[in-house]
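Engineer: Quick one, protein_32.csv (CSV, C-alpha atoms):
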```csv
chain,number,residue,atom,x,y,z
A,1,MET,CA,7.6,-2.6,26.7
A,2,THR,CA,6.6,1.1,27.1
A,3,GLU,CA,10.3,2.1,27.8
A,4,LYS,CA,11.5,0.1,24.8
A,5,LEU,CA,8.9,1.6,22.6
A,6,MET,CA,9.9,5.2,23.6
A,7,ARG,CA,13.6,4.4,23.2
A,8,VAL,CA,13.2,3.1,19.7
A,9,GLN,CA,10.7,5.9,18.6
A,10,ALA,CA,13.3,8.5,19.5
A,11,LYS,CA,15.7,6.9,17.0
A,12,LEU,CA,13.3,6.8,14.1
A,13,THR,CA,13.3,9.2,11.2
A,14,ALA,CA,10.3,10.6,9.3
A,15,ARG,CA,11.3,8.2,6.5
A,16,ASP,CA,11.2,5.3,8.9
A,17,PHE,CA,7.7,6.2,10.1
A,18,THR,CA,6.6,6.4,6.4
A,19,LEU,CA,7.9,3.0,5.7
A,20,LEU,CA,6.4,1.4,8.8
A,21,GLY,CA,3.0,3.0,8.0
A,22,TRP,CA,3.1,1.6,4.5
A,23,LEU,CA,3.9,-1.9,5.7
A,24,ALA,CA,1.0,-1.6,8.2
A,25,ASP,CA,-1.4,-0.5,5.5
A,26,HIS,CA,-0.1,-2.4,2.4
A,27,GLY,CA,1.4,-5.6,3.9
A,28,VAL,CA,4.6,-6.2,2.0
A,29,LEU,CA,7.2,-4.4,0.0
A,30,THR,CA,10.4,-5.7,-1.6
A,31,SER,CA,13.8,-4.2,-0.9
A,32,PHE,CA,13.9,-2.7,-4.4
A,33,GLN,CA,10.4,-1.1,-4.0
A,34,ILE,CA,11.5,0.5,-0.7
A,35,ALA,CA,14.8,1.7,-2.2
A,36,GLN,CA,13.1,3.3,-5.2
A,37,ALA,CA,10.4,5.0,-3.2
A,38,LEU,CA,12.3,6.3,-0.2
A,39,PHE,CA,16.1,6.1,-0.6
A,40,PRO,CA,18.8,7.5,-2.8
A,41,SER,CA,20.3,4.1,-3.5
A,42,VAL,CA,19.7,0.4,-2.9
A,43,ASN,CA,22.8,0.1,-0.7
A,44,PHE,CA,21.6,3.0,1.5
A,45,ALA,CA,18.2,1.3,1.8
A,46,GLN,CA,19.7,-2.1,2.7
A,47,ARG,CA,21.8,-0.6,5.5
A,48,ARG,CA,18.8,1.1,7.1
A,49,LEU,CA,16.6,-2.0,6.6
A,50,ARG,CA,19.2,-4.1,8.5
A,51,THR,CA,19.0,-1.7,11.4
A,52,LEU,CA,15.2,-1.8,11.5
A,53,LEU,CA,15.4,-5.6,11.3
A,54,GLN,CA,17.7,-5.8,14.3
A,55,GLU,CA,15.2,-3.7,16.3
A,56,ASP,CA,12.3,-6.0,15.3
A,57,LEU,CA,10.6,-3.0,13.6
A,58,VAL,CA,10.5,-5.0,10.4
A,59,ASP,CA,10.7,-8.7,9.4
A,60,ARG,CA,11.6,-10.2,6.1
A,61,PHE,CA,11.3,-13.3,3.9
A,62,ARG,CA,12.7,-14.4,0.6
A,63,PRO,CA,10.6,-16.5,-1.8
A,64,GLN,CA,12.3,-19.0,-3.9
A,65,ARG,CA,12.0,-19.0,-7.7
A,66,GLN,CA,10.6,-22.1,-9.4
A,67,ASP,CA,13.4,-22.0,-11.9
A,68,GLY,CA,16.1,-21.6,-9.3
A,69,GLY,CA,17.5,-18.8,-7.3
A,70,SER,CA,15.4,-16.4,-5.1
A,71,TYR,CA,13.6,-13.2,-5.2
A,72,PRO,CA,14.7,-10.1,-3.4
A,73,TYR,CA,13.9,-9.8,0.3
A,74,HIS,CA,10.3,-9.0,1.0
A,75,TYR,CA,9.7,-6.8,4.1
A,76,VAL,CA,6.8,-6.9,6.4
A,77,LEU,CA,6.0,-5.2,9.7
A,78,GLY,CA,7.7,-6.6,12.8
A,79,GLN,CA,6.1,-6.8,16.2
A,80,LEU,CA,7.8,-3.6,17.6
A,81,GLY,CA,6.9,-1.9,14.3
A,82,ALA,CA,3.3,-2.8,14.8
A,83,ASP,CA,3.5,-1.3,18.4
A,84,VAL,CA,5.1,1.9,17.0
A,85,ILE,CA,2.4,2.4,14.4
A,86,SER,CA,-0.5,1.6,16.8
A,87,ALA,CA,0.9,4.2,19.3
A,88,GLN,CA,1.4,6.8,16.6
A,89,ARG,CA,-2.2,6.4,15.3
A,90,GLY,CA,-3.8,6.1,18.7
A,91,ASP,CA,-5.0,2.6,18.1
A,92,ASP,CA,-5.3,-0.2,20.6
A,93,PRO,CA,-2.0,-2.1,21.2
A,94,PRO,CA,-1.7,-5.0,18.8
A,95,ARG,CA,-1.7,-8.6,20.0
A,96,ARG,CA,1.7,-10.0,20.9
A,97,ASP,CA,1.5,-12.5,18.0
A,98,GLN,CA,0.0,-10.2,15.5
A,99,ALA,CA,3.2,-9.6,13.4
A,100,ARG,CA,4.0,-13.3,13.4
A,101,LYS,CA,0.5,-14.3,12.2
A,102,ARG,CA,0.5,-11.5,9.5
A,103,ARG,CA,4.0,-12.6,8.3
A,104,TRP,CA,2.7,-16.2,7.9
A,105,TYR,CA,-0.4,-15.0,6.0
A,106,LEU,CA,1.6,-12.9,3.6
A,107,THR,CA,4.3,-15.5,3.1
A,108,ASN,CA,1.6,-18.1,2.1
A,109,ARG,CA,-0.7,-15.7,0.3
A,110,ALA,CA,-1.6,-17.2,-3.1
A,111,ASN,CA,-2.0,-13.9,-4.8
A,112,LEU,CA,1.2,-12.3,-3.4
A,113,PRO,CA,2.3,-11.3,-6.9
A,114,HIS,CA,-0.9,-9.3,-7.3
A,115,LEU,CA,-0.3,-7.4,-4.1
A,116,LEU,CA,3.3,-6.7,-5.0
A,117,GLY,CA,2.2,-5.5,-8.4
A,118,ILE,CA,-0.3,-3.0,-6.8
A,119,ASN,CA,2.4,-1.8,-4.4
A,120,ASP,CA,4.9,-1.5,-7.2
A,121,PHE,CA,2.5,0.9,-9.0
A,122,PHE,CA,2.4,3.2,-6.0
A,123,THR,CA,6.1,3.0,-5.0
A,124,GLN,CA,7.0,3.9,-8.6
A,125,LEU,CA,4.9,7.1,-8.1
A,126,ALA,CA,6.5,7.7,-4.8
A,127,GLY,CA,10.0,7.2,-6.3
A,128,TYR,CA,9.2,9.7,-9.1
A,129,ALA,CA,8.0,12.2,-6.5
A,130,ARG,CA,11.2,11.8,-4.4
A,131,THR,CA,13.3,13.2,-7.2
A,132,HIS,CA,10.8,15.8,-8.5
A,133,PRO,CA,10.1,18.5,-6.0
A,134,ASP,CA,6.9,19.7,-7.7
A,135,ALA,CA,5.3,16.2,-7.4
A,136,ALA,CA,3.9,14.2,-4.5
A,137,LEU,CA,1.9,11.1,-3.7
A,138,GLU,CA,-0.3,12.8,-1.2
A,139,ARG,CA,-2.5,9.7,-0.4
A,140,TRP,CA,-2.1,6.0,-0.8
A,141,TRP,CA,-5.0,3.9,0.6
A,142,PRO,CA,-5.6,0.2,0.5
A,143,ALA,CA,-8.9,-1.3,-0.6
A,144,ARG,CA,-10.2,-1.8,2.9
A,145,ARG,CA,-9.8,1.9,3.7
A,146,CYS,CA,-12.0,2.8,0.7
A,147,GLN,CA,-14.9,0.7,2.1
A,148,GLU,CA,-15.1,2.5,5.4
A,149,ARG,CA,-18.3,4.5,6.1
A,150,GLY,CA,-17.8,8.1,5.3
A,151,ALA,CA,-14.3,7.4,3.8
A,152,PHE,CA,-14.8,10.0,1.0
A,153,ALA,CA,-16.7,12.6,2.9
A,154,GLU,CA,-14.9,15.9,2.8
A,155,PRO,CA,-13.8,17.5,6.1
A,156,GLY,CA,-16.6,19.6,7.5
A,157,VAL,CA,-19.3,17.8,5.6
A,158,THR,CA,-22.5,17.4,7.6
A,159,GLU,CA,-24.7,15.6,5.1
A,160,VAL,CA,-25.7,12.3,6.8
A,161,HIS,CA,-25.9,10.4,3.6
A,162,GLN,CA,-22.2,11.1,2.9
A,163,LEU,CA,-21.1,10.4,6.5
A,164,VAL,CA,-22.8,7.0,6.7
A,165,TYR,CA,-22.2,5.9,3.1
A,166,ALA,CA,-20.1,2.7,2.8
A,167,PRO,CA,-18.8,2.5,-0.8
A,168,ARG,CA,-19.4,-0.7,-2.7
A,169,ILE,CA,-16.2,-0.3,-4.6
A,170,ARG,CA,-13.1,-2.4,-3.9
A,171,PRO,CA,-10.3,-0.8,-5.8
A,172,ASP,CA,-6.8,-2.2,-5.5
A,173,GLY,CA,-5.7,1.2,-4.3
A,174,HIS,CA,-6.7,4.8,-4.1
A,175,GLY,CA,-4.3,7.7,-4.3
A,176,ILE,CA,-4.0,11.4,-4.8
A,177,TRP,CA,-1.2,12.5,-7.1
A,178,VAL,CA,-0.1,16.1,-7.0
A,179,GLU,CA,2.0,17.8,-9.6
A,180,ALA,CA,2.5,21.4,-10.6
A,181,ASP,CA,0.0,22.4,-7.9
A,182,ARG,CA,-2.8,20.3,-9.4
A,183,ASP,CA,-4.4,17.4,-7.5
A,184,LEU,CA,-5.5,14.2,-9.2
A,185,PRO,CA,-7.4,11.7,-7.0
A,186,PHE,CA,-7.7,8.3,-8.7
A,187,PHE,CA,-8.6,4.7,-8.1
A,188,LEU,CA,-6.4,1.8,-9.3
A,189,GLU,CA,-7.7,-1.5,-10.7
A,190,TYR,CA,-4.6,-3.8,-11.1
A,191,ASP,CA,-5.4,-6.4,-13.7
A,192,THR,CA,-3.4,-9.6,-14.1
A,193,GLY,CA,-5.6,-11.0,-16.8
A,194,THR,CA,-7.3,-13.6,-14.6
A,195,GLU,CA,-10.8,-12.1,-14.7
A,196,PRO,CA,-13.0,-11.7,-17.8
A,197,LEU,CA,-13.1,-8.2,-19.2
A,198,SER,CA,-16.9,-8.2,-18.5
A,199,MET,CA,-16.2,-8.5,-14.8
A,200,LEU,CA,-13.8,-5.5,-14.9
A,201,VAL,CA,-16.5,-3.4,-16.7
A,202,ASP,CA,-19.1,-4.4,-14.1
A,203,LYS,CA,-17.0,-2.8,-11.4
A,204,LEU,CA,-17.6,0.6,-12.9
A,205,SER,CA,-21.2,0.7,-11.6
A,206,GLY,CA,-19.9,0.9,-8.0
A,207,TYR,CA,-17.7,3.9,-8.9
A,208,ALA,CA,-20.7,5.5,-10.6
A,209,GLU,CA,-22.8,5.0,-7.5
A,210,MET,CA,-20.1,6.5,-5.3
A,211,ALA,CA,-19.8,9.5,-7.6
A,212,GLY,CA,-23.6,10.1,-7.3
A,213,VAL,CA,-23.5,10.0,-3.5
A,214,THR,CA,-20.2,11.9,-2.8
A,215,GLY,CA,-19.9,14.0,-6.0
A,216,HIS,CA,-16.3,12.7,-6.5
A,217,ARG,CA,-16.0,11.8,-10.2
A,218,TRP,CA,-12.5,10.5,-10.1
A,219,PRO,CA,-10.7,8.5,-12.8
A,220,VAL,CA,-10.4,4.7,-12.5
A,221,LEU,CA,-7.0,3.5,-13.8
A,222,PHE,CA,-6.8,0.0,-15.1
A,223,SER,CA,-3.2,-1.2,-15.1
A,224,SER,CA,-2.9,-4.5,-16.9
A,225,THR,CA,0.1,-6.9,-17.1
A,226,ARG,CA,-1.4,-9.6,-19.3
A,227,ARG,CA,-4.0,-8.0,-21.6
A,228,CYS,CA,-3.3,-7.3,-25.2
A,229,ALA,CA,-5.3,-5.4,-27.9
A,230,SER,CA,-6.8,-8.6,-29.3
A,231,ASP,CA,-8.3,-9.4,-25.8
A,232,ILE,CA,-10.0,-6.1,-25.8
A,233,SER,CA,-11.3,-6.2,-29.3
A,234,THR,CA,-12.6,-9.7,-28.9
A,235,SER,CA,-14.5,-8.7,-25.7
A,236,SER,CA,-16.0,-5.6,-27.3
```
Hey, can you dump this file as structure tokens for me?

Structural biologist:
Amino acid sequence: MTEKLMRVQAKLTARDFTLLGWLADHGVLTSFQIAQALFPSVNFAQRRLRTLLQEDLVDRFRPQRQDGGSYPYHYVLGQLGADVISAQRGDDPPRRDQARKRRWYLTNRANLPHLLGINDFFTQLAGYARTHPDAALERWWPARRCQERGAFAEPGVTEVHQLVYAPRIRPDGHGIWVEADRDLPFFLEYDTGTEPLSMLVDKLSGYAEMAGVTGHRWPVLFSSTRRCASDISTSS
């Protein structure tokens, strides 16, 4: 396995490593999301994805539409891809069935559209940055990363309360957007309209607490796919 891992790593590009890292962190991306974020065209992306698929670096599935037809291919991390990312990050080697189990989980995930909506928000930013040299998506974290102890402590910080603080927030994502030499850290709350607005508002207390501990007063972006003005005025 070590020899195979070294052989395939030598053939990977920086873009391949970015894609595999995203799949490790964010679960699943469609072929169109991958193309928009990383490639100059859908055809170019599809050719490279077929190569990665043949090497077991990625796997894919294609959900069926209820009204007939199918969605585009959805890509997940393959077993060798999991090995590559674990080696790159210095993590323990993954279990031999890890990729298979994760693929099953994502295929059967009830809120898969929610996850894809979150990932679409970030891949659109990455796609914009790809064609605008003065812009960049410097950071894209999933919810679980945001809840780690000391996740938002700045490098070199020695204050114990920041290093041991485990944020209560659970955003759908956290990013740092850079444009024209200005950094904008932000949190994303991706709203599909299934929660009462009062529940969304209640989430703000966790962000306020984090700001008090870490000093990071960053905007929280609410991206809604189902709300309308009447929903908000009725709730107010």

Engineer: Fewer than 6 positions away in the same chain doesn't count, so skip those; otherwise give me all residues within 12 Å of region 145-155 of chain A, counting only C-alpha atoms, as a ChimeraX atom specification.

Structural biologist: /A:25-26,139,161-175,185-188,206-207,210-211,213-218

Engineer: If you measure from CA of Arg95 (chain A) to CA of Asp83 (chain A), what distance in Å do you get, rounded to one decimal?

Structural biologist: 9.1 Å

Engineer: Rounded to one decimal in Å, what is the spacing between CA of Leu184 (chain A) and CA of Trp140 (chain A)?

Structural biologist: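 Separation of CA of Leu184 (chain A) and CA of Trp140 (chain A): 12.2 Å.
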
Engineer: Grab the CA of Ile118 (chain A) to CA of Phe32 (chain A) distance for me, in Å with one decimal place.

Structural biologist: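 CA of Phe32 (chain A) lies 14.4 Å from CA of Ile118 (chain A).
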
Engineer: Could you check the closest approach to Phe39 (chain A) for each of A:Gln66, A:Thr18, A:Thr194, A:Gln54 and tell me which residue wins, using all atoms listed in the file?

Structural biologist: A:Thr18

Engineer: Within 12 Å of Arg7 (chain A), counting all atoms listed in the file, which residues show up once you throw out same-chain ones fewer than 4 positions away? Write them as a list of chain:residue names, please.

Structural biologist: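 Non-adjacent residues within range: A:Met1, A:Thr2, A:Glu3, A:Lys11, A:Leu12, A:Glu55, A:Leu80, A:Val84.
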
Engineer: List the spatial neighbours of Gln36 (chain A) as a ChimeraX atom specification - criterion: any atom at most 9 Å away, only C-alpha atoms, same-chain residues fewer than 2 positions off excluded.

Structural biologist: /A:31-34,38-42,45,123-124,126-128,130

Engineer: Out of A:Pro142, A:Ala24, A:Leu53, A:Asn108, which residue has the shortest atom-to-atom distance to Tyr73 (chain A) when counting only C-alpha atoms?

Structural biologist: A:Leu53

Engineer: Fewer than 6 positions away in the same chain doesn't count, so skip those; otherwise give me all residues within 9 Å of Arg102 (chain A), counting all atoms listed in the file, as a list in words.

Structural biologist: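 Near neighbours after the sequence-gap exclusion: Gly27, Val76 and Leu77 of chain A.
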
Engineer: Put those residues in a file: C-alpha atoms, as a PDB file, in the coordinates of the input.

Structural biologist:
```
ATOM      1  CA  GLY A  27       1.400  -5.600   3.900  1.00  0.00           C
ATOM      2  CA  VAL A  76       6.800  -6.900   6.400  1.00  0.00           C
ATOM      3  CA  LEU A  77       6.000  -5.200   9.700  1.00  0.00           C
TER       4      LEU A  77
END
```

Engineer: Could you put an axis-aligned box around every listed atom of region 20-28 of chain A, padded by 8 Å on each side, and send me its centre and edge lengths in Å to one decimal, as lines of an AutoDock Vina configuration file?

Structural biologist:
```
center_x = 2.5
center_y = -1.6
center_z = 5.4
size_x = 23.8
size_y = 25.2
size_z = 22.8
```

Engineer: Please determine, counting only C-alpha atoms, which residue among A:Pro133, A:Gly81, A:Arg103, A:Arg144 has the shortest atom-to-atom distance to Asp181 (chain A).

Structural biologist: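 Smallest separation from Asp181 (chain A) among the options: A:Pro133.
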
Engineer: Return the single residue from A:Ala37, A:Leu115, A:Ala10, A:Arg96 that is closest to Ala129 (chain A), with distances computed using all atoms listed in the file.

Structural biologist: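 Ranking A:Ala37, A:Leu115, A:Ala10, A:Arg96 by distance to Ala129 (chain A), first place goes to A:Ala37.
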
Engineer: With all atoms listed in the file as the basis for distance, which of A:Lys101, A:His114, A:Arg65, A:His132 is at the shortest distance from Gly78 (chain A)?

Structural biologist: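 The shortest atom-to-atom distance to Gly78 (chain A) comes from A:Lys101.
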
Engineer: Would you please work out which residue, of A:Leu197, A:Tyr75, A:Val28, A:Gln64, is nearest to Gln46 (chain A) when using all atoms listed in the file?

Structural biologist: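 Smallest distance to Gln46 (chain A) is found for A:Tyr75.
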